[in-house]
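Enquirer: Got a file for you: data_39.csv, CSV, C-alpha atoms and all ligand atoms.
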```
chain,number,residue,atom,x,y,z
A,1,MET,CA,-34.0,13.2,-61.3
A,2,MET,CA,-36.2,11.1,-59.0
A,3,ALA,CA,-39.1,13.5,-59.8
A,4,ILE,CA,-39.5,12.1,-63.2
A,5,GLN,CA,-41.6,8.9,-62.9
A,6,SER,CA,-41.6,6.1,-65.3
A,7,LYS,CA,-44.9,5.5,-67.1
A,8,ARG,CA,-44.9,1.8,-66.1
A,9,ARG,CA,-44.2,-0.1,-62.9
A,10,ALA,CA,-44.1,-3.7,-61.7
A,11,VAL,CA,-47.0,-5.1,-59.7
A,12,VAL,CA,-46.7,-8.4,-57.7
A,13,ASP,CA,-49.5,-10.9,-57.1
A,14,THR,CA,-48.5,-11.5,-53.5
A,15,SER,CA,-50.9,-14.4,-53.1
A,16,LEU,CA,-48.9,-16.6,-55.6
A,17,CYS,CA,-45.4,-15.2,-54.9
A,18,VAL,CA,-43.1,-17.9,-53.6
A,19,ALA,CA,-40.6,-15.5,-52.0
A,20,CYS,CA,-37.7,-16.9,-53.9
A,21,GLY,CA,-36.1,-13.5,-54.5
A,22,ALA,CA,-35.2,-14.1,-58.2
A,23,CYS,CA,-36.8,-10.7,-59.0
A,24,MET,CA,-34.8,-8.9,-56.3
A,25,GLU,CA,-31.6,-10.4,-57.7
A,26,VAL,CA,-32.1,-8.9,-61.2
A,27,CYS,CA,-33.7,-5.5,-60.5
A,28,PRO,CA,-31.3,-2.9,-61.7
A,29,ARG,CA,-32.7,-0.3,-59.3
A,30,GLY,CA,-32.8,-2.4,-56.1
A,31,ALA,CA,-36.5,-1.7,-56.0
A,32,ILE,CA,-37.5,-5.1,-54.7
A,33,THR,CA,-37.4,-6.6,-51.2
A,34,VAL,CA,-38.8,-9.9,-50.0
A,35,TRP,CA,-41.0,-8.9,-47.1
A,36,LYS,CA,-40.3,-11.2,-44.1
A,37,GLY,CA,-39.7,-14.2,-46.3
A,38,SER,CA,-43.4,-14.0,-47.3
A,39,TYR,CA,-43.6,-12.3,-50.7
A,40,SER,CA,-41.9,-9.6,-52.6
A,41,VAL,CA,-42.7,-5.9,-52.4
A,42,VAL,CA,-41.8,-3.3,-55.1
A,43,ASP,CA,-40.8,0.2,-54.1
A,44,ASP,CA,-42.9,2.2,-56.4
A,45,ALA,CA,-40.7,5.2,-56.2
A,46,LEU,CA,-37.6,3.3,-57.4
A,47,CYS,CA,-39.2,1.1,-60.1
A,48,ILE,CA,-38.6,2.1,-63.7
A,49,GLY,CA,-40.9,-0.5,-65.2
A,50,CYS,CA,-38.1,-2.2,-67.1
A,51,GLY,CA,-39.7,-5.6,-66.7
A,52,LEU,CA,-36.5,-7.6,-65.9
A,53,CYS,CA,-38.1,-8.9,-62.7
A,54,ALA,CA,-41.2,-10.2,-64.6
A,55,LYS,CA,-39.0,-12.0,-67.1
A,56,GLU,CA,-37.1,-13.7,-64.3
A,57,CYS,CA,-40.0,-14.6,-61.9
A,58,PRO,CA,-40.4,-18.4,-62.0
A,59,ALA,CA,-44.0,-18.1,-60.8
A,60,SER,CA,-44.8,-15.4,-63.4
A,61,VAL,CA,-46.6,-13.3,-60.8
A,62,ILE,CA,-45.2,-9.9,-61.8
A,63,ARG,CA,-47.0,-7.7,-64.3
A,64,VAL,CA,-45.6,-4.5,-65.6
A,65,GLU,CA,-48.5,-2.1,-66.0
A,66,ALA,CA,-49.2,1.6,-66.6
A,67,ARG,CA,-49.0,3.7,-63.4
A,68,PRO,CA,-52.5,4.8,-62.3
B,1,MET,CA,-25.6,-6.6,-66.6
B,2,LYS,CA,-25.6,-6.2,-62.9
B,3,LYS,CA,-22.4,-6.8,-61.1
B,4,SER,CA,-21.9,-10.2,-59.6
B,5,HIS,CA,-21.8,-10.9,-55.9
B,6,TRP,CA,-19.7,-13.6,-54.2
B,7,TYR,CA,-22.9,-15.6,-53.5
B,8,ASN,CA,-23.6,-15.8,-57.2
B,9,TYR,CA,-20.8,-18.3,-57.4
B,10,LEU,CA,-22.3,-20.6,-54.8
B,11,TRP,CA,-23.5,-22.9,-57.6
B,12,ILE,CA,-19.9,-24.3,-57.4
B,13,TRP,CA,-21.0,-25.9,-54.2
B,14,SER,CA,-23.6,-28.0,-56.1
B,15,VAL,CA,-21.0,-29.2,-58.5
B,16,ILE,CA,-18.5,-30.1,-55.7
B,17,TYR,CA,-21.3,-31.8,-53.7
B,18,PHE,CA,-22.4,-34.1,-56.5
B,19,ALA,CA,-18.9,-34.8,-57.6
B,20,MET,CA,-17.7,-35.7,-54.1
B,21,GLY,CA,-20.7,-38.1,-53.7
B,22,PHE,CA,-19.7,-39.8,-56.9
B,23,PHE,CA,-16.3,-40.6,-55.4
B,24,HIS,CA,-17.3,-41.3,-51.9
B,25,ILE,CA,-20.9,-41.5,-50.8
B,26,LEU,CA,-20.3,-40.4,-47.3
B,27,PHE,CA,-19.8,-36.9,-48.5
B,28,ALA,CA,-23.6,-36.9,-49.1
B,29,TRP,CA,-23.9,-36.1,-45.4
B,30,LEU,CA,-22.7,-32.5,-46.2
B,31,GLY,CA,-26.1,-32.0,-47.9
B,32,LEU,CA,-27.5,-31.5,-44.4
B,33,ILE,CA,-26.0,-28.0,-44.6
B,34,SER,CA,-28.6,-27.1,-47.4
B,35,PHE,CA,-31.2,-28.6,-45.1
B,36,PHE,CA,-30.5,-26.8,-41.9
B,37,LEU,CA,-29.3,-23.4,-43.2
B,38,PRO,CA,-32.7,-22.4,-44.8
B,39,LEU,CA,-34.4,-23.5,-41.6
B,40,ILE,CA,-32.1,-21.4,-39.5
B,41,PHE,CA,-32.8,-18.4,-41.6
B,42,ALA,CA,-36.6,-19.0,-41.4
B,43,VAL,CA,-37.0,-20.1,-37.8
B,44,GLY,CA,-34.3,-17.9,-36.4
B,45,PHE,CA,-34.7,-14.7,-38.4
B,46,GLY,CA,-38.1,-15.1,-40.1
B,47,ASN,CA,-36.7,-14.5,-43.6
B,48,LYS,CA,-35.8,-16.4,-46.7
B,49,GLY,CA,-32.2,-15.2,-46.9
B,50,PHE,CA,-31.1,-18.6,-47.9
B,51,CYS,CA,-33.4,-18.7,-51.0
B,52,ASN,CA,-32.9,-15.1,-51.7
B,53,ARG,CA,-29.2,-15.2,-51.8
B,54,TYR,CA,-27.2,-18.2,-50.5
B,55,CYS,CA,-28.8,-21.3,-52.0
B,56,ASP,CA,-26.4,-23.1,-54.2
B,57,ARG,CA,-29.3,-24.8,-56.1
B,58,GLY,CA,-31.0,-21.5,-56.8
B,59,GLN,CA,-27.7,-20.0,-58.0
B,60,LEU,CA,-27.0,-23.0,-60.2
B,61,LEU,CA,-30.4,-22.8,-61.9
B,62,ARG,CA,-29.9,-19.0,-62.4
B,63,ALA,CA,-26.4,-19.5,-63.8
B,64,LEU,CA,-27.5,-22.2,-66.2
B,65,GLY,CA,-30.9,-20.9,-67.1
B,66,SER,CA,-30.5,-17.1,-67.1
B,67,GLN,CA,-26.8,-16.5,-67.6
B,68,LYS,CA,-26.0,-19.4,-69.9
B,69,GLY,CA,-29.4,-19.1,-71.5
B,70,PHE,CA,-30.4,-22.7,-71.4
B,71,SER,CA,-33.9,-21.9,-70.2
B,72,ARG,CA,-36.8,-21.6,-72.6
B,73,ARG,CA,-38.2,-18.9,-70.2
B,74,LYS,CA,-41.8,-20.1,-70.7
B,75,ASP,CA,-44.4,-19.6,-68.0
B,76,ALA,CA,-44.8,-22.6,-65.7
B,77,PRO,CA,-48.2,-24.3,-66.0
B,78,GLY,CA,-50.8,-23.1,-63.6
B,79,TRP,CA,-50.9,-26.3,-61.6
B,80,MET,CA,-47.2,-26.2,-60.9
B,81,LYS,CA,-47.6,-22.9,-58.9
B,82,SER,CA,-50.9,-23.8,-57.3
B,83,LYS,CA,-50.9,-24.2,-53.5
B,84,ALA,CA,-52.3,-27.7,-53.9
B,85,PHE,CA,-49.3,-28.9,-55.9
B,86,ARG,CA,-46.7,-27.0,-53.8
B,87,TYR,CA,-48.1,-28.3,-50.5
B,88,GLY,CA,-48.7,-31.7,-51.9
B,89,PHE,CA,-45.2,-32.0,-53.2
B,90,LEU,CA,-43.9,-30.8,-49.8
B,91,ALA,CA,-45.9,-33.5,-48.1
B,92,PHE,CA,-44.7,-36.2,-50.6
B,93,PHE,CA,-41.1,-35.1,-50.1
B,94,MET,CA,-41.5,-35.2,-46.3
B,95,ALA,CA,-43.0,-38.7,-46.5
B,96,MET,CA,-40.1,-39.9,-48.6
B,97,PHE,CA,-37.7,-38.3,-46.2
B,98,LEU,CA,-39.2,-40.1,-43.3
B,99,HIS,CA,-39.1,-43.3,-45.2
B,100,MET,CA,-35.4,-42.7,-45.8
B,101,LEU,CA,-34.9,-42.2,-42.1
B,102,TYR,CA,-36.8,-45.4,-41.4
B,103,THR,CA,-34.7,-47.3,-43.8
B,104,THR,CA,-31.6,-45.9,-42.1
B,105,TYR,CA,-33.0,-47.1,-38.8
B,106,GLN,CA,-33.7,-50.6,-40.1
B,107,VAL,CA,-30.0,-50.9,-41.1
B,108,TYR,CA,-29.0,-49.5,-37.7
B,109,ALA,CA,-31.2,-52.1,-36.0
B,110,GLY,CA,-29.9,-54.9,-38.2
B,111,THR,CA,-33.3,-55.8,-39.6
B,112,SER,CA,-32.2,-54.8,-43.1
B,113,GLU,CA,-29.0,-54.9,-45.1
B,114,LEU,CA,-27.2,-51.9,-46.4
B,115,ARG,CA,-28.2,-51.3,-50.0
B,116,GLN,CA,-25.5,-49.6,-52.0
B,117,VAL,CA,-27.7,-47.9,-54.6
B,118,VAL,CA,-28.7,-44.4,-55.4
B,119,THR,CA,-32.5,-44.3,-56.1
B,120,LEU,CA,-33.6,-41.8,-58.7
B,121,PHE,CA,-37.2,-40.5,-58.7
B,122,TRP,CA,-37.9,-42.8,-55.7
B,123,SER,CA,-38.0,-45.8,-57.9
B,124,ILE,CA,-35.1,-46.2,-60.3
B,125,PRO,CA,-32.1,-47.8,-58.7
B,126,ALA,CA,-28.7,-46.7,-60.0
B,127,PRO,CA,-25.8,-48.9,-58.9
B,128,TRP,CA,-23.4,-46.8,-56.8
B,129,SER,CA,-21.3,-49.3,-54.9
B,130,PHE,CA,-18.2,-47.9,-56.6
B,131,ALA,CA,-18.6,-44.9,-54.3
B,132,TYR,CA,-18.4,-46.9,-51.1
B,133,THR,CA,-15.6,-49.0,-49.9
B,134,GLY,CA,-16.8,-49.5,-46.4
B,135,GLY,CA,-15.2,-48.0,-43.3
B,136,ALA,CA,-18.3,-46.4,-41.8
B,137,GLU,CA,-21.2,-47.7,-39.8
B,138,PRO,CA,-23.6,-49.3,-42.2
B,139,TRP,CA,-26.5,-47.1,-41.1
B,140,ALA,CA,-24.4,-44.0,-41.8
B,141,ALA,CA,-23.7,-45.2,-45.3
B,142,GLN,CA,-27.4,-46.0,-45.8
B,143,PHE,CA,-28.3,-42.5,-44.8
B,144,ALA,CA,-25.7,-41.1,-47.2
B,145,PHE,CA,-27.1,-43.2,-50.1
B,146,GLY,CA,-30.6,-42.1,-49.2
B,147,PHE,CA,-29.7,-38.4,-48.9
B,148,TYR,CA,-27.7,-38.4,-52.1
B,149,SER,CA,-30.7,-40.0,-53.9
B,150,MET,CA,-32.9,-37.2,-52.7
B,151,MET,CA,-30.5,-34.5,-53.6
B,152,LEU,CA,-29.8,-35.9,-57.1
B,153,THR,CA,-33.4,-36.5,-57.9
B,154,SER,CA,-34.4,-33.0,-56.9
B,155,ALA,CA,-31.5,-31.5,-58.9
B,156,ILE,CA,-32.5,-33.4,-62.0
B,157,LEU,CA,-36.1,-32.2,-61.6
B,158,GLY,CA,-34.8,-28.7,-61.1
B,159,ILE,CA,-32.7,-28.8,-64.2
B,160,LEU,CA,-35.6,-30.3,-66.3
B,161,THR,CA,-38.0,-27.5,-65.2
B,162,MET,CA,-35.2,-24.9,-65.7
B,163,LEU,CA,-34.9,-26.0,-69.3
B,164,ALA,CA,-38.7,-26.2,-69.9
B,165,TYR,CA,-39.9,-23.1,-68.0
B,166,LYS,CA,-38.2,-20.2,-66.1
B,167,PRO,CA,-34.6,-20.6,-64.9
B,168,ARG,CA,-35.7,-21.0,-61.2
B,169,SER,CA,-39.0,-22.9,-61.8
B,170,TRP,CA,-37.8,-25.5,-59.3
B,171,CYS,CA,-38.0,-22.7,-56.6
B,172,VAL,CA,-41.8,-22.7,-57.2
B,173,TYR,CA,-42.3,-26.2,-55.9
B,174,CYS,CA,-39.0,-26.8,-54.0
B,175,PRO,CA,-40.0,-28.4,-50.6
B,176,MET,CA,-37.4,-26.3,-48.7
B,177,GLY,CA,-38.6,-23.1,-50.3
B,178,THR,CA,-42.3,-23.9,-49.6
B,179,MET,CA,-41.6,-25.0,-46.1
B,180,THR,CA,-39.5,-21.9,-45.2
B,181,GLN,CA,-42.1,-19.6,-46.8
B,182,LEU,CA,-44.8,-21.3,-44.6
B,183,ILE,CA,-42.7,-20.7,-41.5
B,184,CYS,CA,-42.0,-17.1,-42.5
B,185,ARG,CA,-45.6,-16.4,-43.2
B,186,ALA,CA,-46.6,-17.9,-39.9
B,187,LYS,CA,-44.0,-15.8,-38.1
B,188,ALA,CA,-44.9,-12.6,-39.9
B,189,GLY,CA,-48.4,-13.0,-38.6
B,190,PRO,CA,-51.7,-11.8,-40.0
B,191,ASN,CA,-50.8,-8.1,-40.2
B,192,ARG,CA,-49.0,-8.5,-43.5
B,193,LYS,CA,-49.6,-5.6,-45.9
B,194,GLU,CA,-51.3,-7.1,-48.9
C,1,LIG,S1,-39.7,-3.4,-63.4
C,1,LIG,FE1,-37.4,-3.2,-63.4
C,1,LIG,S2,-37.1,-1.5,-61.9
C,1,LIG,FE2,-39.2,-2.2,-61.6
C,1,LIG,S3,-39.0,-3.7,-60.0
C,1,LIG,FE3,-38.9,-4.8,-61.9
C,1,LIG,S4,-36.7,-5.0,-62.3
C,1,LIG,FE4,-37.0,-3.4,-60.8
C,2,LIG,S1,-39.4,-13.8,-58.5
C,2,LIG,FE1,-41.7,-13.9,-58.4
C,2,LIG,S2,-42.1,-15.6,-57.0
C,2,LIG,FE2,-40.0,-15.0,-56.7
C,2,LIG,S3,-40.0,-13.5,-55.0
C,2,LIG,FE3,-40.1,-12.4,-57.0
C,2,LIG,S4,-42.3,-12.1,-57.4
C,2,LIG,FE4,-42.1,-13.7,-55.8
C,3,LIG,S1,-36.7,-22.5,-53.3
C,3,LIG,FE1,-35.3,-24.3,-52.9
C,3,LIG,S2,-33.8,-24.3,-54.6
C,3,LIG,FE2,-34.9,-22.3,-54.6
C,3,LIG,S3,-33.5,-21.0,-53.5
C,3,LIG,FE3,-35.0,-21.8,-52.0
C,3,LIG,S4,-34.1,-23.6,-51.1
C,3,LIG,FE4,-32.9,-23.1,-53.0
```
Output the file's structure in the form of structure tokens.
Expert:
Amino acid sequence: MMAIQSKRRAVVDTSLCVACGACMEVCPRGAITVWKGSYSVVDDALCIGCGLCAKECPASVIRVEARP
Amino acid sequence: MKKSHWYNYLWIWSVIYFAMGFFHILFAWLGLISFFLPLIFAVGFGNKGFCNRYCDRGQLLRALGSQKGFSRRKDAPGWMKSKAFRYGFLAFFMAMFLHMLYTTYQVYAGTSELRQVVTLFWSIPAPWSFAYTGGAEPWAAQFAFGFYSMMLTSAILGILTMLAYKPRSWCVYCPMGTMTQLICRAKAGPNRKE
């Protein structure tokens, strides 16, 4: 099941992330962690590109883009 | 819908806090909890666990903005999330905090009288003497009035930007959030993976 990857995934602009954790709170896959209180990191393997995190992010620093 | 965690209900603390300060201003002292907890997480553990989960303010804005749908969910303007504004607002807030401590000291030293007002936006006095009937040291009451003013002002700002932008827009420029992130970034050191 995990072998099938979504076409899209979330990417965080870490330089403008405020580390609030609003994205982590809404991610249905638990794919996001806030790394050492500094910025959020998306686990690429878990992300399904649903975009819920981007919708919630108060700083609007998450983009959902096509996987390379 | 994701299932709720117990901490999603911490917004209740915000409601209780402001309600208690309405009936007796000395309860404003309890706001120090929201002041020290995030610092304990940041300084002690190098994380933003308070912001990420246990902040009543963050949960309140999420409950009203996301779950009740009061937020327009528009992108915040660029200046609001700029480092200049975030650090500037932190500096301004700290200056106002020190000023509040100085006012408290003046009352303690007897060079100034207790003013029973809650000051909104650092300038608009709201009569609040109904919430104080004496019984405490005047300086302790002065601190309570000052702290409550700060908490109420920031809550109103947070609710306004929740309505106008994203639910937790306040978290972008919240002085506690900015300060704890700075502490965490300093503790994490230069070897962050970018
Ligand atoms: S796009 Fe969806 S699955 Fe991916 S990190 Fe964001 S919320 Fe989680
Ligand atoms: S919601 Fe946005 S600003 Fe907050 S931690 Fe996630 S990516 Fe960073
Ligand atoms: S940024 Fe401020 S309001 Fe937001 S979760 Fe952190 S401490 Fe609470």
Enquirer: Mind checking which residues fall within 7 Å of B:Asn52, counting all atoms listed in the file, ignoring those fewer than 4 positions away in the same chain, and posting them as a PyMOL selection string?
Expert: (chain A and resi 20-22) or (chain B and resi 48)
Enquirer: Give me, please, the distance in Å between atom CA of B:Val172 and atom CA of A:Ser15, quoted to one decimal.
Expert: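 Between atom CA of B:Val172 and atom CA of A:Ser15 the gap is 13.0 Å.
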Enquirer: As a quick test: using only C-alpha atoms and all ligand atoms, which residues lie no more than 10 Å away from ligand LIG 1 (chain C)? Give them as a ChimeraX atom specification.
Expert: /A:6,8-12,23-33,40-57,62-65
Enquirer: At a cut-off of 7 Å, which residues of chain B touch chain A? Count all atoms listed in the file and give the answer as a VMD selection string.
Expert: chain B and resid 2 46 to 48 51 to 52 75 to 76 81 166 to 169 171 to 172 181 184 to 185 188 194
Enquirer: Using all atoms listed in the file, which of the listed residues (B:Met151, B:Ala136, B:Ile124, B:Ile40) sits closest to B:Arg57?
Expert: B:Met151
Enquirer: What's the separation between atom CA of B:Tyr105 and atom CA of B:Met20, in Å to one decimal place?
Expert: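 Value for the atom CA of B:Tyr105-atom CA of B:Met20 distance: 24.5 Å.
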Enquirer: Kindly indicate which residue among B:Gly110, B:Pro127, B:Gly65, B:Gly158 lies nearest to ligand LIG 3 (chain C), using only C-alpha atoms and all ligand atoms for the distances.
Expert: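 Answer, going by the shortest atom-to-atom distance: B:Gly158.
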Enquirer: What gap, in Å, lies between atom CA of B:Phe22 and atom CA of B:Tyr132?
Expert: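 Straight-line distance from atom CA of B:Phe22 to atom CA of B:Tyr132 works out to 9.3 Å.
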Enquirer: Looking at all atoms listed in the file, which of B:Trp13, B:Arg53, B:Leu157, B:Ala91 is the one that sits closest to ligand LIG 2 (chain C)?
Expert: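 Result for the nearest residue to ligand LIG 2 (chain C): B:Arg53.
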Enquirer: Of the residues B:Gly44, B:Gly49, B:Gly31, B:Pro125, which is the one nearest to ligand LIG 2 (chain C), using all atoms listed in the file?
Expert: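 Of the candidates, the smallest distance to ligand LIG 2 (chain C) is held by B:Gly49.
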Enquirer: Give the answer as one residue: which of B:Ala63, B:Leu120, B:Ala186, B:Cys174 has the shortest atom-to-atom distance to B:Leu152, using all atoms listed in the file?
Expert: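 Result for the nearest residue to B:Leu152: B:Leu120.
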Enquirer: Taking only C-alpha atoms into account, name the residue in B:Phe18, B:Lys3, B:Arg72, B:Leu26 that is nearest to B:Ala164.
Expert: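 Closest to B:Ala164, using only C-alpha atoms: B:Arg72.
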Enquirer: Could the centre and edge lengths of an axis-aligned box, enclosing all atoms of stretch 154-166 of chain B in the file with 8 Å extra on each side, be given in Å to one decimal as JSON?
Expert:
```
{"center_x": -35.7, "center_y": -26.8, "center_z": -63.4, "size_x": 24.4, "size_y": 29.2, "size_z": 29.0}
```
Enquirer: Quick one: residues within 10 Å of B:Leu64, only C-alpha atoms, excluding same-chain residues fewer than 3 positions away - as a list in words?
Expert: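 Result of the neighbour search: Trp11, Gln59, Leu60, Leu61, Gln67, Lys68, Gly69, Phe70, Ser71, Ile159, Met162, Leu163, Pro167 and Arg168 of chain B.
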